[in-house]
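The file target-v7.cif contains mmCIF, C-alpha atoms:
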data_start
loop_
_atom_site.group_PDB
_atom_site.id
_atom_site.type_symbol
_atom_site.label_atom_id
_atom_site.label_comp_id
_atom_site.auth_asym_id
_atom_site.auth_seq_id
_atom_site.Cartn_x
_atom_site.Cartn_y
_atom_site.Cartn_z
ATOM 1 C CA MET A 1 87.799 92.510 95.493
ATOM 2 C CA LEU A 2 90.597 91.376 97.807
ATOM 3 C CA ILE A 3 92.353 89.585 94.938
ATOM 4 C CA THR A 4 92.041 92.734 92.825
ATOM 5 C CA GLY A 5 93.501 94.733 95.705
ATOM 6 C CA TRP A 6 96.472 92.378 95.940
ATOM 7 C CA LEU A 7 97.087 92.639 92.190
ATOM 8 C CA TRP A 8 97.049 96.438 92.403
ATOM 9 C CA CYS A 9 99.522 96.272 95.301
ATOM 10 C CA LEU A 10 101.878 94.172 93.211
ATOM 11 C CA ALA A 11 101.548 96.538 90.241
ATOM 12 C CA GLY A 12 102.175 99.542 92.475
ATOM 13 C CA GLY A 13 105.236 97.815 93.884
ATOM 14 C CA VAL A 14 106.672 97.285 90.400
ATOM 15 C CA ILE A 15 106.279 100.979 89.542
ATOM 16 C CA ALA A 16 107.591 102.108 92.933
ATOM 17 C CA GLY A 17 110.641 99.867 92.665
ATOM 18 C CA LEU A 18 111.561 101.119 89.207
ATOM 19 C CA LEU A 19 111.136 104.760 90.271
ATOM 20 C CA ALA A 20 113.186 104.199 93.426
ATOM 21 C CA GLY A 21 116.079 102.889 91.400
ATOM 22 C CA MET A 22 115.861 105.346 88.501
ATOM 23 C CA LEU A 23 115.044 108.613 90.307
ATOM 24 C CA GLY A 24 116.163 107.953 93.887
ATOM 25 C CA ILE A 25 112.635 108.415 95.255
ATOM 26 C CA GLY A 26 111.103 105.982 97.686
ATOM 27 C CA GLY A 27 107.996 105.341 95.608
ATOM 28 C CA GLY A 28 105.578 107.031 98.000
ATOM 29 C CA LEU A 29 104.473 109.425 95.277
ATOM 30 C CA VAL A 30 102.796 106.400 93.685
ATOM 31 C CA ILE A 31 102.100 104.227 96.730
ATOM 32 C CA VAL A 32 100.261 106.762 98.928
ATOM 33 C CA PRO A 33 97.589 107.623 96.308
ATOM 34 C CA LEU A 34 97.273 103.917 95.468
ATOM 35 C CA LEU A 35 96.759 102.961 99.121
ATOM 36 C CA ILE A 36 94.242 105.751 99.712
ATOM 37 C CA TYR A 37 92.060 104.034 97.111
ATOM 38 C CA LEU A 38 92.899 100.425 98.080
ATOM 39 C CA LEU A 39 92.857 100.368 101.901
ATOM 40 C CA PRO A 40 89.032 100.654 102.095
ATOM 41 C CA VAL A 41 88.960 97.452 100.016
ATOM 42 C CA PHE A 42 90.933 95.761 102.804
ATOM 43 C CA GLY A 43 88.397 96.988 105.372
ATOM 44 C CA VAL A 44 90.308 99.928 106.847
ATOM 45 C CA PRO A 45 87.974 102.513 108.497
ATOM 46 C CA PRO A 46 87.750 105.827 106.562
ATOM 47 C CA GLU A 47 89.149 107.858 109.459
ATOM 48 C CA LEU A 48 92.392 105.810 109.380
ATOM 49 C CA VAL A 49 92.895 105.442 105.622
ATOM 50 C CA VAL A 50 95.203 108.410 104.991
ATOM 51 C CA GLN A 51 97.405 107.909 108.065
ATOM 52 C CA MET A 52 97.734 104.205 107.304
ATOM 53 C CA ALA A 53 98.476 104.934 103.651
ATOM 54 C CA VAL A 54 101.345 107.192 104.753
ATOM 55 C CA ALA A 55 102.707 104.711 107.321
ATOM 56 C CA THR A 56 102.400 101.687 105.022
ATOM 57 C CA SER A 57 104.009 103.624 102.180
ATOM 58 C CA LEU A 58 107.006 104.416 104.366
ATOM 59 C CA ALA A 59 107.247 100.749 105.393
ATOM 60 C CA THR A 60 107.436 99.714 101.738
ATOM 61 C CA ILE A 61 110.003 102.464 101.131
ATOM 62 C CA VAL A 62 112.305 100.825 103.696
ATOM 63 C CA MET A 63 112.384 97.660 101.602
ATOM 64 C CA THR A 64 112.527 99.407 98.222
ATOM 65 C CA THR A 65 115.303 101.846 99.075
ATOM 66 C CA LEU A 66 117.332 99.164 100.857
ATOM 67 C CA SER A 67 117.407 97.250 97.596
ATOM 68 C CA ALA A 68 118.078 100.383 95.525
ATOM 69 C CA ALA A 69 120.825 101.641 97.872
ATOM 70 C CA ARG A 70 122.634 98.311 97.655
ATOM 71 C CA SER A 71 122.565 98.509 93.865
ATOM 72 C CA HIS A 72 123.890 102.090 93.859
ATOM 73 C CA TYR A 73 126.624 101.044 96.298
ATOM 74 C CA ARG A 74 127.722 98.281 93.928
ATOM 75 C CA HIS A 75 127.850 100.853 91.121
ATOM 76 C CA GLY A 76 130.072 103.080 93.308
ATOM 77 C CA GLN A 77 127.725 106.092 93.171
ATOM 78 C CA ILE A 78 127.144 106.788 96.893
ATOM 79 C CA SER A 79 128.938 109.902 98.197
ATOM 80 C CA TRP A 80 129.493 109.364 101.923
ATOM 81 C CA PHE A 81 130.398 113.053 102.319
ATOM 82 C CA TRP A 82 126.770 113.990 101.654
ATOM 83 C CA VAL A 83 125.364 110.971 103.506
ATOM 84 C CA ARG A 84 127.062 112.072 106.740
ATOM 85 C CA ARG A 85 125.642 115.599 106.425
ATOM 86 C CA LEU A 86 122.073 114.598 105.628
ATOM 87 C CA ILE A 87 121.189 111.442 107.550
ATOM 88 C CA PRO A 88 121.017 112.723 111.183
ATOM 89 C CA GLY A 89 118.648 115.569 110.284
ATOM 90 C CA LEU A 90 116.533 113.358 108.028
ATOM 91 C CA MET A 91 116.021 110.785 110.789
ATOM 92 C CA ALA A 92 115.165 113.332 113.497
ATOM 93 C CA GLY A 93 112.743 115.132 111.186
ATOM 94 C CA ALA A 94 111.102 111.848 110.164
ATOM 95 C CA VAL A 95 110.133 111.028 113.756
ATOM 96 C CA PHE A 96 108.530 114.457 114.177
ATOM 97 C CA GLY A 97 106.715 114.170 110.835
ATOM 98 C CA ALA A 98 105.279 110.761 111.772
ATOM 99 C CA TRP A 99 103.936 112.162 115.033
ATOM 100 C CA LEU A 100 102.409 115.160 113.236
ATOM 101 C CA ALA A 101 100.697 112.884 110.700
ATOM 102 C CA THR A 102 98.786 111.168 113.512
ATOM 103 C CA GLN A 103 97.579 114.514 114.872
ATOM 104 C CA LEU A 104 96.130 116.008 111.668
ATOM 105 C CA LYS A 105 92.662 115.332 110.326
ATOM 106 C CA PRO A 106 92.744 112.870 107.383
ATOM 107 C CA GLU A 107 91.241 115.357 104.903
ATOM 108 C CA TRP A 108 93.916 117.939 105.731
ATOM 109 C CA LEU A 109 96.671 115.354 105.465
ATOM 110 C CA GLN A 110 95.383 114.298 102.039
ATOM 111 C CA ARG A 111 95.272 117.908 100.825
ATOM 112 C CA ILE A 112 98.790 118.579 102.128
ATOM 113 C CA PHE A 113 99.978 115.537 100.206
ATOM 114 C CA SER A 114 98.267 116.718 97.018
ATOM 115 C CA ILE A 115 99.908 120.157 97.287
ATOM 116 C CA VAL A 116 103.324 118.558 97.843
ATOM 117 C CA LEU A 117 102.760 116.412 94.742
ATOM 118 C CA LEU A 118 101.923 119.461 92.636
ATOM 119 C CA VAL A 119 104.966 121.440 93.839
ATOM 120 C CA LEU A 120 107.297 118.496 93.236
ATOM 121 C CA SER A 121 105.934 117.886 89.759
ATOM 122 C CA ILE A 122 106.644 121.503 88.798
ATOM 123 C CA ARG A 123 110.078 121.289 90.433
ATOM 124 C CA MET A 124 110.989 118.327 88.237
ATOM 125 C CA LEU A 125 110.548 120.447 85.120
ATOM 126 C CA ILE A 126 112.956 123.231 86.220
ATOM 127 C CA PRO A 127 116.473 122.921 84.742
ATOM 128 C CA GLN A 128 119.121 122.001 87.314
ATOM 129 C CA ARG A 129 122.408 123.764 87.995
ATOM 130 C CA THR A 130 125.689 122.319 86.785
ATOM 131 C CA GLY A 131 129.289 122.839 87.821
ATOM 132 C CA GLU A 132 131.500 121.837 90.718
ATOM 133 C CA PRO A 133 129.637 120.631 93.856
ATOM 134 C CA ILE A 134 129.113 123.273 96.552
ATOM 135 C CA THR A 135 130.652 121.669 99.655
ATOM 136 C CA GLY A 136 131.061 124.754 101.863
ATOM 137 C CA VAL A 137 127.509 124.807 103.260
ATOM 138 C CA SER A 138 127.603 124.850 107.088
ATOM 139 C CA LYS A 139 126.753 121.630 108.914
ATOM 140 C CA ARG A 140 124.101 123.398 111.011
ATOM 141 C CA LEU A 141 122.310 124.690 107.931
ATOM 142 C CA MET A 142 122.415 121.258 106.303
ATOM 143 C CA ALA A 143 121.068 119.699 109.535
ATOM 144 C CA LEU A 144 118.176 122.183 109.597
ATOM 145 C CA ILE A 145 117.322 121.688 105.926
ATOM 146 C CA SER A 146 117.554 117.905 106.170
ATOM 147 C CA ALA A 147 115.334 117.907 109.291
ATOM 148 C CA MET A 148 112.687 119.858 107.373
ATOM 149 C CA VAL A 149 112.953 117.415 104.471
ATOM 150 C CA GLY A 150 112.613 114.463 106.853
ATOM 151 C CA SER A 151 109.577 115.973 108.582
ATOM 152 C CA LEU A 152 107.686 116.708 105.371
ATOM 153 C CA SER A 153 108.615 113.347 103.873
ATOM 154 C CA ALA A 154 107.326 111.385 106.862
ATOM 155 C CA LEU A 155 104.233 113.582 107.091
ATOM 156 C CA VAL A 156 103.094 112.662 103.579
ATOM 157 C CA GLY A 157 104.842 109.280 103.203
ATOM 158 C CA ILE A 158 107.087 110.057 100.242
ATOM 159 C CA GLY A 159 110.421 108.870 101.585
ATOM 160 C CA GLY A 160 112.310 112.072 100.825
ATOM 161 C CA GLY A 161 113.965 111.380 97.500
ATOM 162 C CA SER A 162 111.706 113.825 95.694
ATOM 163 C CA LEU A 163 113.066 116.557 97.958
ATOM 164 C CA THR A 164 116.610 115.320 98.521
ATOM 165 C CA VAL A 165 117.519 114.930 94.851
ATOM 166 C CA PRO A 166 116.585 118.557 93.956
ATOM 167 C CA LEU A 167 118.435 119.773 97.081
ATOM 168 C CA LEU A 168 121.604 117.927 96.109
ATOM 169 C CA GLN A 169 121.309 119.061 92.504
ATOM 170 C CA ARG A 170 121.063 122.653 93.699
ATOM 171 C CA LEU A 171 124.373 121.990 95.454
ATOM 172 C CA ARG A 172 125.630 120.797 92.046
ATOM 173 C CA VAL A 173 126.022 117.174 93.044
ATOM 174 C CA PRO A 174 126.030 115.031 89.845
ATOM 175 C CA ILE A 175 122.597 113.572 89.186
ATOM 176 C CA ARG A 176 123.580 109.923 89.556
ATOM 177 C CA GLN A 177 125.353 110.612 92.864
ATOM 178 C CA ALA A 178 122.349 112.632 94.032
ATOM 179 C CA ILE A 179 120.036 109.709 93.239
ATOM 180 C CA ALA A 180 122.305 107.261 95.084
ATOM 181 C CA VAL A 181 122.604 109.476 98.194
ATOM 182 C CA SER A 182 118.850 110.025 98.085
ATOM 183 C CA SER A 183 118.284 106.262 98.244
ATOM 184 C CA VAL A 184 120.286 106.087 101.481
ATOM 185 C CA GLY A 185 118.409 109.141 102.801
ATOM 186 C CA SER A 186 115.024 107.662 101.949
ATOM 187 C CA LEU A 187 115.996 104.454 103.750
ATOM 188 C CA SER A 188 116.882 106.399 106.911
ATOM 189 C CA ILE A 189 113.619 108.369 106.764
ATOM 190 C CA GLY A 190 111.604 105.193 106.260
ATOM 191 C CA VAL A 191 113.177 103.309 109.176
ATOM 192 C CA SER A 192 112.800 106.225 111.614
ATOM 193 C CA ALA A 193 109.238 107.099 110.611
ATOM 194 C CA VAL A 194 107.973 103.504 110.540
ATOM 195 C CA LEU A 195 109.285 102.834 114.043
ATOM 196 C CA ALA A 196 107.501 105.992 115.187
ATOM 197 C CA PHE A 197 104.238 104.960 113.468
ATOM 198 C CA ILE A 198 104.410 101.510 115.083
ATOM 199 C CA VAL A 199 104.881 102.996 118.548
ATOM 200 C CA LEU A 200 102.210 105.668 118.031
ATOM 201 C CA GLY A 201 99.778 103.090 116.680
ATOM 202 C CA GLN A 202 99.883 100.950 119.808
ATOM 203 C CA GLN A 203 97.075 103.073 121.243
ATOM 204 C CA MET A 204 94.677 101.877 118.538
ATOM 205 C CA GLU A 205 92.439 98.881 119.058
ATOM 206 C CA SER A 206 94.112 95.674 117.897
ATOM 207 C CA ASN A 207 93.258 94.715 114.313
ATOM 208 C CA GLU A 208 94.412 91.625 112.430
ATOM 209 C CA GLY A 209 97.122 92.390 109.903
ATOM 210 C CA LEU A 210 98.074 95.739 111.449
ATOM 211 C CA LEU A 211 101.384 96.745 112.996
ATOM 212 C CA GLY A 212 100.605 100.107 114.523
ATOM 213 C CA TYR A 213 99.570 102.276 111.588
ATOM 214 C CA VAL A 214 101.227 99.894 109.094
ATOM 215 C CA HIS A 215 98.900 97.612 107.101
ATOM 216 C CA GLY A 216 100.793 94.309 106.941
ATOM 217 C CA PRO A 217 99.181 92.613 103.898
ATOM 218 C CA ALA A 218 99.417 95.717 101.681
ATOM 219 C CA TRP A 219 102.984 96.308 102.855
ATOM 220 C CA LEU A 220 103.966 92.738 101.994
ATOM 221 C CA GLY A 221 102.472 92.791 98.478
ATOM 222 C CA ILE A 222 104.010 96.115 97.496
ATOM 223 C CA SER A 223 107.386 95.366 99.107
ATOM 224 C CA ILE A 224 107.909 92.064 97.308
ATOM 225 C CA ALA A 225 107.369 93.611 93.888
ATOM 226 C CA SER A 226 109.296 96.815 94.615
ATOM 227 C CA MET A 227 112.367 95.013 95.988
ATOM 228 C CA LEU A 228 112.562 92.867 92.871
ATOM 229 C CA CYS A 229 112.308 95.876 90.546
ATOM 230 C CA ALA A 230 114.478 98.453 92.372
ATOM 231 C CA PRO A 231 117.819 96.975 91.197
ATOM 232 C CA LEU A 232 116.526 97.067 87.615
ATOM 233 C CA GLY A 233 115.661 100.741 88.027
ATOM 234 C CA ALA A 234 119.114 101.475 89.454
ATOM 235 C CA ALA A 235 120.731 99.752 86.473
ATOM 236 C CA LEU A 236 118.546 101.719 84.043
ATOM 237 C CA THR A 237 119.874 105.045 85.394
ATOM 238 C CA GLN A 238 123.162 104.164 83.757
ATOM 239 C CA ARG A 239 121.506 103.769 80.332
ATOM 240 C CA ILE A 240 118.481 106.044 79.866
ATOM 241 C CA PRO A 241 118.101 109.857 79.926
ATOM 242 C CA VAL A 242 116.688 110.666 83.362
ATOM 243 C CA LYS A 243 115.349 114.026 82.142
ATOM 244 C CA ARG A 244 112.749 112.401 79.859
ATOM 245 C CA LEU A 245 111.578 110.147 82.644
ATOM 246 C CA GLN A 246 111.245 113.113 85.019
ATOM 247 C CA GLN A 247 109.104 115.018 82.507
ATOM 248 C CA GLY A 248 106.655 112.158 82.000
ATOM 249 C CA PHE A 249 106.458 111.422 85.712
ATOM 250 C CA ALA A 250 105.883 115.115 86.502
ATOM 251 C CA ALA A 251 102.843 115.179 84.207
ATOM 252 C CA PHE A 252 101.465 112.093 85.952
ATOM 253 C CA LEU A 253 101.923 113.732 89.370
ATOM 254 C CA VAL A 254 99.953 116.803 88.323
ATOM 255 C CA LEU A 255 96.931 114.655 87.473
ATOM 256 C CA VAL A 256 97.158 112.638 90.712
ATOM 257 C CA SER A 257 97.561 115.755 92.880
ATOM 258 C CA LEU A 258 94.475 117.411 91.401
ATOM 259 C CA GLU A 259 92.414 114.254 91.891
ATOM 260 C CA LEU A 260 93.484 113.907 95.537
ATOM 261 C CA PHE A 261 92.896 117.568 96.319
ATOM 262 C CA ILE A 262 89.378 117.522 94.868
ATOM 263 C CA GLY A 263 88.609 114.070 96.314
#

Could you rewrite the structure in this file as structure tokens?
Amino acid sequence: MLITGWLWCLAGGVIAGLLAGMLGIGGGLVIVPLLIYLLPVFGVPPELVVQMAVATSLATIVMTTLSAARSHYRHGQISWFWVRRLIPGLMAGAVFGAWLATQLKPEWLQRIFSIVLLVLSIRMLIPQRTGEPITGVSKRLMALISAMVGSLSALVGIGGGSLTVPLLQRLRVPIRQAIAVSSVGSLSIGVSAVLAFIVLGQQMESNEGLLGYVHGPAWLGISIASMLCAPLGAALTQRIPVKRLQQGFAAFLVLVSLELFIG
């Protein structure tokens, strides 16, 4: 069973890496549901499974989005104008979201995640605005919005790209720039939230392979595969129609969200 669990971690890492590069999401939309099913195989107690799935997902997102962000930087797609306006709020919100995740009951956290999945899947199917980017939004408003995005992302372990990309598209940022900025944003959310989960997890009894709420072996398996595949996903954004990929992924998310909500 442990070997099977490792193989599933590697497969999940491949999918997460490709999605991180192609859509600017951290991969948590795939990794969290996967870990909810796999962590019991690694011997994690039921009462810790959801929190550890969220924390471990964010730890893998750090590695995945670091690789994806570097690839987008080499392609010249990162808009530092939007990075400067989003990152501080995303990081502050991520710390709060990590703390909140440790306070909620696991069943409520799982249901919140399933609802977020369903909303995001529907959001992916809505046509996006086009035109010149809207750059006149006040810094305070952007800080508030980004803090909310960071909090929700850390709470459910999704990294933030699934929320940041639609936000930037609503501001008429070109899709490839939005994906690139989202990769940087997801990296900042992941780093902030993981540090918080490590500190908050120090109160738990020591367990081999654990770093706070982060499950080391699962993190390692997923991270290796996702880091290798993220640059490929970033390169594919230059060649394939992102809209078709979003539609197929949205349908997949609907099925996963319903399963998690019922389960």

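Residues matched by the PyMOL selection byres ((chain A and resi 34-50) around 7) in this structure: Met1, Leu2, Gly5, Val30, Ile31, Val32, Pro33, Gln51, Met52, Ala53, Val54, Pro106 and Gln110 of chain A.
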
Emit the selected residues as a PDB file, keeping the file's coordinate frame, including C-alpha atoms.
ATOM      1  CA  MET A   1      87.799  92.510  95.493  1.00  0.00           C
ATOM      2  CA  LEU A   2      90.597  91.376  97.807  1.00  0.00           C
ATOM      3  CA  GLY A   5      93.501  94.733  95.705  1.00  0.00           C
ATOM      4  CA  VAL A  30     102.796 106.400  93.685  1.00  0.00           C
ATOM      5  CA  ILE A  31     102.100 104.227  96.730  1.00  0.00           C
ATOM      6  CA  VAL A  32     100.261 106.762  98.928  1.00  0.00           C
ATOM      7  CA  PRO A  33      97.589 107.623  96.308  1.00  0.00           C
ATOM      8  CA  GLN A  51      97.405 107.909 108.065  1.00  0.00           C
ATOM      9  CA  MET A  52      97.734 104.205 107.304  1.00  0.00           C
ATOM     10  CA  ALA A  53      98.476 104.934 103.651  1.00  0.00           C
ATOM     11  CA  VAL A  54     101.345 107.192 104.753  1.00  0.00           C
ATOM     12  CA  PRO A 106      92.744 112.870 107.383  1.00  0.00           C
ATOM     13  CA  GLN A 110      95.383 114.298 102.039  1.00  0.00           C
TER      14      GLN A 110
END

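Put simply, the PyMOL selection byres ((chain A and resi 178) around 10) on this file hits Leu23, Gly24, Gln77, Ile78, Ser79, Trp82, Gly161, Thr164, Val165, Pro166, Leu167, Leu168, Gln169, Leu171, Arg172, Val173, Pro174, Ile175, Arg176, Gln177, Ile179, Ala180, Val181, Ser182 and Ser183 of chain A.
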
Distance query Arg85 (chain A) at most 7 Å, all atoms listed in the file, self and fewer than 4 positions along chain excluded, as a ChimeraX atom specification: /A:81,139,142-143

Please provide the set of residues having any atom within 8 Å of Ala55 (chain A), restricted to only C-alpha atoms, with same-chain residues fewer than 2 positions apart removed, written as an mmCIF file with C-alpha atoms, in the frame of the given file.
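As written to disk, part-v2.cif reads:
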data_model
loop_
_atom_site.group_PDB
_atom_site.id
_atom_site.type_symbol
_atom_site.label_atom_id
_atom_site.label_comp_id
_atom_site.auth_asym_id
_atom_site.auth_seq_id
_atom_site.Cartn_x
_atom_site.Cartn_y
_atom_site.Cartn_z
ATOM 1 C CA GLN A 51 97.405 107.909 108.065
ATOM 2 C CA MET A 52 97.734 104.205 107.304
ATOM 3 C CA ALA A 53 98.476 104.934 103.651
ATOM 4 C CA SER A 57 104.009 103.624 102.180
ATOM 5 C CA LEU A 58 107.006 104.416 104.366
ATOM 6 C CA ALA A 59 107.247 100.749 105.393
ATOM 7 C CA ALA A 98 105.279 110.761 111.772
ATOM 8 C CA GLY A 157 104.842 109.280 103.203
ATOM 9 C CA ALA A 193 109.238 107.099 110.611
ATOM 10 C CA VAL A 194 107.973 103.504 110.540
ATOM 11 C CA PHE A 197 104.238 104.960 113.468
ATOM 12 C CA TYR A 213 99.570 102.276 111.588
ATOM 13 C CA VAL A 214 101.227 99.894 109.094
#

Between CA of Met227 (chain A) and CA of Ile189 (chain A), what is the distance, to one decimal in Å?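 According to the coordinates, CA of Met227 (chain A) and CA of Ile189 (chain A) are separated by 17.2 Å.
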
Write out as a PyMOL selection string the residues lying within 8 Å of Ile145 (chain A), counting all atoms listed in the file and excluding same-chain residues fewer than 4 positions away. chain A and resi 89+141+149

Any chance you could resolve the PyMOL selection byres ((chain A and resi 9-19) around 9) against this file and give the residues as a PDB file with C-alpha atoms, in the frame of the given file?
ATOM      1  CA  THR A   4      92.041  92.734  92.825  1.00  0.00           C
ATOM      2  CA  GLY A   5      93.501  94.733  95.705  1.00  0.00           C
ATOM      3  CA  TRP A   6      96.472  92.378  95.940  1.00  0.00           C
ATOM      4  CA  LEU A   7      97.087  92.639  92.190  1.00  0.00           C
ATOM      5  CA  TRP A   8      97.049  96.438  92.403  1.00  0.00           C
ATOM      6  CA  ALA A  20     113.186 104.199  93.426  1.00  0.00           C
ATOM      7  CA  GLY A  21     116.079 102.889  91.400  1.00  0.00           C
ATOM      8  CA  MET A  22     115.861 105.346  88.501  1.00  0.00           C
ATOM      9  CA  LEU A  23     115.044 108.613  90.307  1.00  0.00           C
ATOM     10  CA  GLY A  24     116.163 107.953  93.887  1.00  0.00           C
ATOM     11  CA  ILE A  25     112.635 108.415  95.255  1.00  0.00           C
ATOM     12  CA  GLY A  26     111.103 105.982  97.686  1.00  0.00           C
ATOM     13  CA  GLY A  27     107.996 105.341  95.608  1.00  0.00           C
ATOM     14  CA  GLY A  28     105.578 107.031  98.000  1.00  0.00           C
ATOM     15  CA  LEU A  29     104.473 109.425  95.277  1.00  0.00           C
ATOM     16  CA  VAL A  30     102.796 106.400  93.685  1.00  0.00           C
ATOM     17  CA  ILE A  31     102.100 104.227  96.730  1.00  0.00           C
ATOM     18  CA  LEU A  34      97.273 103.917  95.468  1.00  0.00           C
ATOM     19  CA  LEU A  35      96.759 102.961  99.121  1.00  0.00           C
ATOM     20  CA  LEU A  38      92.899 100.425  98.080  1.00  0.00           C
ATOM     21  CA  THR A  60     107.436  99.714 101.738  1.00  0.00           C
ATOM     22  CA  ILE A  61     110.003 102.464 101.131  1.00  0.00           C
ATOM     23  CA  THR A  64     112.527  99.407  98.222  1.00  0.00           C
ATOM     24  CA  THR A  65     115.303 101.846  99.075  1.00  0.00           C
ATOM     25  CA  SER A  67     117.407  97.250  97.596  1.00  0.00           C
ATOM     26  CA  ALA A  68     118.078 100.383  95.525  1.00  0.00           C
ATOM     27  CA  ALA A 218      99.417  95.717 101.681  1.00  0.00           C
ATOM     28  CA  TRP A 219     102.984  96.308 102.855  1.00  0.00           C
ATOM     29  CA  LEU A 220     103.966  92.738 101.994  1.00  0.00           C
ATOM     30  CA  GLY A 221     102.472  92.791  98.478  1.00  0.00           C
ATOM     31  CA  ILE A 222     104.010  96.115  97.496  1.00  0.00           C
ATOM     32  CA  SER A 223     107.386  95.366  99.107  1.00  0.00           C
ATOM     33  CA  ILE A 224     107.909  92.064  97.308  1.00  0.00           C
ATOM     34  CA  ALA A 225     107.369  93.611  93.888  1.00  0.00           C
ATOM     35  CA  SER A 226     109.296  96.815  94.615  1.00  0.00           C
ATOM     36  CA  MET A 227     112.367  95.013  95.988  1.00  0.00           C
ATOM     37  CA  LEU A 228     112.562  92.867  92.871  1.00  0.00           C
ATOM     38  CA  CYS A 229     112.308  95.876  90.546  1.00  0.00           C
ATOM     39  CA  ALA A 230     114.478  98.453  92.372  1.00  0.00           C
ATOM     40  CA  PRO A 231     117.819  96.975  91.197  1.00  0.00           C
ATOM     41  CA  LEU A 232     116.526  97.067  87.615  1.00  0.00           C
ATOM     42  CA  GLY A 233     115.661 100.741  88.027  1.00  0.00           C
ATOM     43  CA  ALA A 234     119.114 101.475  89.454  1.00  0.00           C
ATOM     44  CA  LEU A 236     118.546 101.719  84.043  1.00  0.00           C
TER      45      LEU A 236
END

What's the separation between CA of Gly97 (chain A) and CA of Ser153 (chain A), in Å to one decimal place?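 Separating CA of Gly97 (chain A) from CA of Ser153 (chain A) is a distance of 7.3 Å.
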
Interatomic distance between CA of Gly159 (chain A) and CA of Gly190 (chain A)?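 Result for CA of Gly159 (chain A) versus CA of Gly190 (chain A): 6.1 Å, one decimal.
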
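Of the listed residues A:Phe113, A:Met63, A:Val95, A:Leu104, the one whose atoms come nearest to Phe261 (chain A) is A:Phe113, with distances taken using all atoms listed in the file.
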
Best match for closeness to Ile115 (chain A) among A:Val156, A:Val83, A:Met91, A:Ala250, counting all atoms listed in the file: A:Val156

Edge lengths and centre in Å to one decimal, as lines of an AutoDock Vina configuration file, is what I'm after for the box along x, y and z that holds all listed atoms of region 154-170 of chain A once 5 Å is added on each side.
center_x = 112.3
center_y = 115.8
center_z = 99.8
size_x = 28.5
size_y = 23.8
size_z = 24.6

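The residue that comes closest to Ala147 (chain A), out of A:Val116, A:Leu100, A:Ile87, A:Val62 and on the basis of only C-alpha atoms, is A:Ile87.
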
From the list A:Leu86, A:Gly160, A:Leu187, A:Leu195, which residue is nearest Gly212 (chain A) when using only C-alpha atoms?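 Smallest distance to Gly212 (chain A) is found for A:Leu195.
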